[in-house]
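See below for work34.pdb, which holds PDB, C-alpha atoms.
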```pdb
ATOM      1  CA  MET A   1       0.000   0.000   0.000
ATOM      2  CA  ASP A   2       1.361   3.415  -0.936
ATOM      3  CA  THR A   3       1.120   5.363   2.304
ATOM      4  CA  GLN A   4       2.462   8.488   0.568
ATOM      5  CA  SER A   5      -0.638   8.881  -1.619
ATOM      6  CA  ASP A   6      -2.802   7.488   1.177
ATOM      7  CA  THR A   7      -2.040  10.507   3.395
ATOM      8  CA  LYS A   8      -1.979  13.377   0.887
ATOM      9  CA  GLN A   9      -5.669  14.273   0.860
ATOM     10  CA  PRO A  10      -6.491  15.716   4.296
ATOM     11  CA  VAL A  11      -9.251  17.955   2.953
ATOM     12  CA  ARG A  12     -11.162  15.004   1.505
ATOM     13  CA  ARG A  13     -10.494  12.957   4.627
ATOM     14  CA  VAL A  14     -12.052  15.493   6.996
ATOM     15  CA  PRO A  15     -15.604  14.978   5.662
ATOM     16  CA  LEU A  16     -15.060  11.210   5.808
ATOM     17  CA  ALA A  17     -13.808  11.449   9.396
ATOM     18  CA  LEU A  18     -16.674  13.689  10.466
ATOM     19  CA  GLY A  19     -19.152  11.403   8.704
ATOM     20  CA  ILE A  20     -17.881   8.338  10.562
ATOM     21  CA  ALA A  21     -17.905  10.221  13.866
ATOM     22  CA  ALA A  22     -21.453  11.434  13.150
ATOM     23  CA  VAL A  23     -22.633   7.873  12.456
ATOM     24  CA  VAL A  24     -21.237   6.780  15.840
ATOM     25  CA  LEU A  25     -22.847   9.758  17.580
ATOM     26  CA  VAL A  26     -26.267   9.255  15.973
ATOM     27  CA  ALA A  27     -26.233   5.477  16.524
ATOM     28  CA  ASP A  28     -25.231   5.935  20.159
ATOM     29  CA  GLN A  29     -27.790   8.631  20.927
ATOM     30  CA  ALA A  30     -30.569   6.779  19.051
ATOM     31  CA  THR A  31     -29.921   3.545  20.936
ATOM     32  CA  LYS A  32     -29.807   5.430  24.239
ATOM     33  CA  TYR A  33     -33.151   7.010  23.376
ATOM     34  CA  TRP A  34     -34.511   3.534  22.622
ATOM     35  CA  ALA A  35     -33.049   2.161  25.864
ATOM     36  CA  GLU A  36     -34.605   4.892  28.001
ATOM     37  CA  ARG A  37     -38.004   4.437  26.345
ATOM     38  CA  THR A  38     -37.942   0.632  26.386
ATOM     39  CA  LEU A  39     -35.923  -0.462  29.413
ATOM     40  CA  THR A  40     -36.982   1.975  32.142
ATOM     41  CA  GLY A  41     -38.507   0.028  35.028
ATOM     42  CA  ARG A  42     -38.054  -3.357  33.342
ATOM     43  CA  ASP A  43     -36.079  -6.436  34.168
ATOM     44  CA  PRO A  44     -33.072  -7.091  31.924
ATOM     45  CA  ILE A  45     -33.914  -8.356  28.436
ATOM     46  CA  PRO A  46     -31.752 -11.320  27.387
ATOM     47  CA  VAL A  47     -30.130 -10.867  23.973
ATOM     48  CA  ILE A  48     -27.716 -13.804  24.006
ATOM     49  CA  GLY A  49     -28.868 -15.710  27.070
ATOM     50  CA  ASP A  50     -27.348 -14.175  30.186
ATOM     51  CA  VAL A  51     -24.125 -13.336  28.347
ATOM     52  CA  ILE A  52     -25.483 -10.146  26.792
ATOM     53  CA  GLN A  53     -28.599  -8.439  28.108
ATOM     54  CA  PHE A  54     -30.196  -5.037  27.777
ATOM     55  CA  ARG A  55     -30.345  -3.366  31.196
ATOM     56  CA  LEU A  56     -30.645   0.390  31.736
ATOM     57  CA  LEU A  57     -28.111   2.139  33.976
ATOM     58  CA  TYR A  58     -26.972   5.735  34.383
ATOM     59  CA  ASN A  59     -23.229   6.039  34.866
ATOM     60  CA  PRO A  60     -21.924   9.206  36.541
ATOM     61  CA  GLY A  61     -18.322   7.983  36.416
ATOM     62  CA  ALA A  62     -15.949   6.359  33.971
ATOM     63  CA  ALA A  63     -15.504   2.698  33.081
ATOM     64  CA  PHE A  64     -16.870   0.377  35.766
ATOM     65  CA  SER A  65     -18.487   3.474  37.388
ATOM     66  CA  MET A  66     -15.149   4.656  38.769
ATOM     67  CA  GLY A  67     -15.017   8.291  39.834
ATOM     68  CA  GLU A  68     -18.737   8.735  40.402
ATOM     69  CA  SER A  69     -18.229  11.834  42.548
ATOM     70  CA  VAL A  70     -16.133  13.715  39.972
ATOM     71  CA  THR A  71     -18.328  13.662  36.865
ATOM     72  CA  TRP A  72     -17.180  17.177  35.969
ATOM     73  CA  VAL A  73     -13.598  15.873  35.601
ATOM     74  CA  PHE A  74     -14.769  13.340  33.006
ATOM     75  CA  THR A  75     -16.619  16.137  31.215
ATOM     76  CA  ILE A  76     -13.370  18.094  30.923
ATOM     77  CA  ILE A  77     -11.445  15.000  29.820
ATOM     78  CA  ALA A  78     -14.083  14.199  27.170
ATOM     79  CA  ALA A  79     -13.966  17.793  25.873
ATOM     80  CA  ILE A  80     -10.167  17.739  25.645
ATOM     81  CA  ALA A  81     -10.198  14.313  23.979
ATOM     82  CA  ALA A  82     -12.814  15.336  21.405
ATOM     83  CA  GLY A  83     -10.918  18.549  20.636
ATOM     84  CA  TRP A  84      -7.588  16.763  20.281
ATOM     85  CA  LEU A  85      -9.110  14.034  18.084
ATOM     86  CA  PHE A  86     -10.685  16.641  15.798
ATOM     87  CA  TRP A  87      -7.347  18.469  15.531
ATOM     88  CA  TYR A  88      -5.546  15.174  14.867
ATOM     89  CA  LEU A  89      -7.954  14.301  12.068
ATOM     90  CA  LEU A  90      -7.239  17.608  10.307
ATOM     91  CA  LYS A  91      -3.738  16.312   9.561
ATOM     92  CA  PRO A  92      -2.993  13.819   6.783
ATOM     93  CA  HIS A  93      -3.090  10.190   7.911
ATOM     94  CA  PRO A  94      -3.618   6.799   6.271
ATOM     95  CA  LYS A  95      -7.284   5.906   5.750
ATOM     96  CA  SER A  96      -7.116   3.141   8.329
ATOM     97  CA  LEU A  97      -5.956   5.547  11.044
ATOM     98  CA  VAL A  98      -8.583   8.070   9.974
ATOM     99  CA  PHE A  99     -11.215   5.369  10.489
ATOM    100  CA  ALA A 100      -9.839   4.413  13.920
ATOM    101  CA  PHE A 101      -9.592   7.999  15.173
ATOM    102  CA  SER A 102     -13.019   8.849  13.727
ATOM    103  CA  LEU A 103     -14.517   6.085  15.869
ATOM    104  CA  LEU A 104     -12.733   7.591  18.874
ATOM    105  CA  LEU A 105     -13.986  11.088  18.004
ATOM    106  CA  GLY A 106     -17.575   9.869  17.686
ATOM    107  CA  GLY A 107     -17.429   8.005  20.996
ATOM    108  CA  ALA A 108     -15.772  10.856  22.878
ATOM    109  CA  THR A 109     -18.199  13.415  21.457
ATOM    110  CA  THR A 110     -21.345  11.471  22.318
ATOM    111  CA  HIS A 111     -20.092  10.865  25.867
ATOM    112  CA  LEU A 112     -19.332  14.585  26.118
ATOM    113  CA  LEU A 113     -22.902  15.390  25.051
ATOM    114  CA  ASP A 114     -24.250  13.028  27.721
ATOM    115  CA  ARG A 115     -22.134  14.692  30.385
ATOM    116  CA  LEU A 116     -23.085  18.185  29.262
ATOM    117  CA  PHE A 117     -26.817  17.797  28.736
ATOM    118  CA  ARG A 118     -28.208  14.821  30.648
ATOM    119  CA  ASP A 119     -29.489  14.812  34.220
ATOM    120  CA  PRO A 120     -28.588  15.735  36.892
ATOM    121  CA  GLY A 121     -27.291  18.889  35.195
ATOM    122  CA  PHE A 122     -24.809  20.686  32.975
ATOM    123  CA  ALA A 123     -21.309  19.139  33.005
ATOM    124  CA  ARG A 124     -22.499  16.584  35.593
ATOM    125  CA  GLY A 125     -24.692  14.437  33.353
ATOM    126  CA  HIS A 126     -24.719  10.688  33.543
ATOM    127  CA  VAL A 127     -23.914   8.470  30.571
ATOM    128  CA  VAL A 128     -26.714   6.093  29.565
ATOM    129  CA  ASP A 129     -25.467   2.488  29.564
ATOM    130  CA  PHE A 130     -27.637  -0.447  28.568
ATOM    131  CA  ILE A 131     -25.593  -3.307  27.065
ATOM    132  CA  ASP A 132     -24.815  -5.668  29.953
ATOM    133  CA  TYR A 133     -21.876  -7.977  29.266
ATOM    134  CA  ASN A 134     -22.642 -10.863  31.630
ATOM    135  CA  GLY A 135     -22.501  -8.606  34.679
ATOM    136  CA  TRP A 136     -18.867  -7.709  33.937
ATOM    137  CA  PHE A 137     -19.739  -4.190  32.808
ATOM    138  CA  VAL A 138     -22.589  -2.292  31.190
ATOM    139  CA  GLY A 139     -21.849  -0.072  28.205
ATOM    140  CA  ASN A 140     -23.297   1.503  25.091
ATOM    141  CA  VAL A 141     -22.602   1.951  21.374
ATOM    142  CA  ALA A 142     -20.062   4.720  22.052
ATOM    143  CA  ASP A 143     -18.100   2.351  24.290
ATOM    144  CA  ILE A 144     -17.975  -0.186  21.457
ATOM    145  CA  ALA A 145     -16.695   2.492  19.055
ATOM    146  CA  LEU A 146     -14.135   3.726  21.605
ATOM    147  CA  THR A 147     -12.865   0.215  22.298
ATOM    148  CA  PHE A 148     -12.656  -0.809  18.647
ATOM    149  CA  GLY A 149     -11.132   2.544  17.631
ATOM    150  CA  ALA A 150      -8.490   2.374  20.370
ATOM    151  CA  LEU A 151      -7.561  -1.230  19.557
ATOM    152  CA  LEU A 152      -7.392  -0.499  15.833
ATOM    153  CA  ALA A 153      -5.272   2.630  16.371
ATOM    154  CA  PHE A 154      -2.933   0.681  18.652
ATOM    155  CA  VAL A 155      -2.489  -2.165  16.165
ATOM    156  CA  LEU A 156      -2.000   0.183  13.213
ATOM    157  CA  THR A 157       0.525   2.407  14.955
ATOM    158  CA  ALA A 158       2.390  -0.597  16.378
ATOM    159  CA  ARG A 159       2.743  -1.973  12.843
ATOM    160  CA  GLN A 160       4.133   1.283  11.415
ATOM    161  CA  LYS A 161       7.852   1.239  10.814
ATOM    162  CA  ASP A 162      10.019   3.828  12.469
ATOM    163  CA  PRO A 163      12.031   5.659   9.761
ATOM    164  CA  ALA A 164      15.069   5.479  12.072
ATOM    165  CA  GLU A 165      14.958   1.680  11.783
ATOM    166  CA  GLU A 166      15.306   1.710   7.961
ATOM    167  CA  PRO A 167      18.588   0.237   6.663
ATOM    168  CA  ALA A 168      21.078   2.895   5.572
ATOM    169  CA  GLY A 169      21.346   3.576   1.852
ATOM    170  CA  GLU A 170      17.941   2.165   0.895
ATOM    171  CA  PRO A 171      14.948   4.516   0.987
ATOM    172  CA  ALA A 172      11.796   3.029   2.474
ATOM    173  CA  GLU A 173       9.747   3.745  -0.678
ATOM    174  CA  SER A 174      11.952   1.544  -2.882
ATOM    175  CA  ARG A 175      11.384  -1.651  -0.898
ATOM    176  CA  ASP A 176       8.282  -3.829  -0.909
TER     177      ASP A 176
END
```

Now that the file is in, can you turn its structure into structure tokens?
Amino acid sequence: MDTQSDTKQPVRRVPLALGIAAVVLVADQATKYWAERTLTGRDPIPVIGDVIQFRLLYNPGAAFSMGESVTWVFTIIAAIAAGWLFWYLLKPHPKSLVFAFSLLLGGATTHLLDRLFRDPGFARGHVVDFIDYNGWFVGNVADIALTFGALLAFVLTARQKDPAEEPAGEPAESRD
């Protein structure tokens, strides 16, 4: 794959990145809307036996409900993350990294919206979680996008070659 030509079109990549992030945001918010309308006051709904169930929770903290008393800190972190991811996506990158970081941007942005605008109030809102993974944790569509995006970004960046590791006298572009 020619990574030179793959990274030279940042202007065309920005709409793609924002489109992917928007799909994550809309899917997450739509499923949260569904969860609040369907699951409020109900017992968990089995999806795959007891392994995956739909169960409505409101999470004031981070993963595994850590930091429940400092929701405002997670609001700031989500705002910084979304801003940094947007800035990062303005630069030229391979399509695969654009996809990974777009998933991260969508997930971070939708969590930021939850924290800003959901009860109990501005910058203290709780994230709606409803996908119960066998009692291990309860998440949402944004969590899936964040997890997949982070794993994909890690794998892709770990596979990139450091230019300092290239053998002397042979440019990287000339080798297959």

So that I can check the surroundings of region 134-142 of chain A, please list as a list of chain:residue names every protein, DNA and RNA residue that reaches within 8 Å of it, counting all atoms listed in the file and ignoring chain neighbours fewer than 4 positions away. A:Val24, A:Leu25, A:Ala27, A:Asp28, A:Thr31, A:Lys32, A:Asp50, A:Val51, A:Ile52, A:Gln53, A:Arg55, A:Leu57, A:Phe64, A:Gly106, A:Gly107, A:Ala108, A:Thr110, A:His111, A:Val128, A:Asp129, A:Phe130, A:Leu146

Can I get the selected residues back with C-alpha atoms, as a compact mmCIF listing (two decimals), keeping the file's coordinate frame?
```txt
# COMPACT_ATOMS: atom_id res chain seq x y z
CA VAL A 24 -21.24 6.78 15.84
CA LEU A 25 -22.85 9.76 17.58
CA ALA A 27 -26.23 5.48 16.52
CA ASP A 28 -25.23 5.94 20.16
CA THR A 31 -29.92 3.54 20.94
CA LYS A 32 -29.81 5.43 24.24
CA ASP A 50 -27.35 -14.18 30.19
CA VAL A 51 -24.12 -13.34 28.35
CA ILE A 52 -25.48 -10.15 26.79
CA GLN A 53 -28.60 -8.44 28.11
CA ARG A 55 -30.34 -3.37 31.20
CA LEU A 57 -28.11 2.14 33.98
CA PHE A 64 -16.87 0.38 35.77
CA GLY A 106 -17.58 9.87 17.69
CA GLY A 107 -17.43 8.01 21.00
CA ALA A 108 -15.77 10.86 22.88
CA THR A 110 -21.34 11.47 22.32
CA HIS A 111 -20.09 10.86 25.87
CA VAL A 128 -26.71 6.09 29.56
CA ASP A 129 -25.47 2.49 29.56
CA PHE A 130 -27.64 -0.45 28.57
CA LEU A 146 -14.14 3.73 21.60
```

Which residues, named as in the file, does the PyMOL selection byres ((chain A and resi 83) around 12) pick out? Answer as a list in words.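 When the PyMOL selection byres ((chain A and resi 83) around 12) is applied to the shown file, the picked residues are Ile76, Ile77, Ala78, Ala79, Ile80, Ala81, Ala82, Trp84, Leu85, Phe86, Trp87, Tyr88, Leu89, Leu90, Phe101, Leu104, Leu105, Gly106, Ala108, Thr109 and Leu112 of chain A.
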
Within 10 Å of (-6.4, 6.1, 9.7) in the file's own coordinates, which protein, DNA or RNA residues have an atom, counting all atoms listed in the file? List them as a PyMOL selection string. chain A and resi 6-7+13+17+89+92-102+149+152-153+156-157

CA of Tyr58 (chain A) to CA of His126 (chain A), distance in Å rounded to a single decimal: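 Answer for the CA of Tyr58 (chain A) to CA of His126 (chain A) separation: 5.5 Å.
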
To one decimal place, how far is CA of Arg115 (chain A) from CA of Pro44 (chain A) in Å? 24.4 Å

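Interatomic distance, CA of Thr40 (chain A) against CA of Phe148 (chain A): 28.0 Å.
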
Quick one: which residues end up in the PyMOL selection byres ((chain A and resi 123) around 12) for this structure, as a VMD selection string? chain A and resid 60 70 to 79 111 to 122 124 to 127

Give the centre and edge lengths of an axis-aligned box, in Å to one decimal, that holds all listed atoms of region 70-73 of chain A with 6 Å on each side, as AutoDock Vina command-line options.
```
--center_x -16.0 --center_y 15.4 --center_z 37.8 --size_x 16.7 --size_y 15.5 --size_z 16.4
```

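Proximity of A:Leu103, A:Glu36, A:Ile48, A:Gly41 to Gly19 (chain A), computed with all atoms listed in the file, is greatest for A:Leu103.
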
Which residue is closest to Ala21 (chain A)? Choose from A:Ala150, A:Ala158, A:Ala145, A:Ala35 and count only C-alpha atoms. A:Ala145
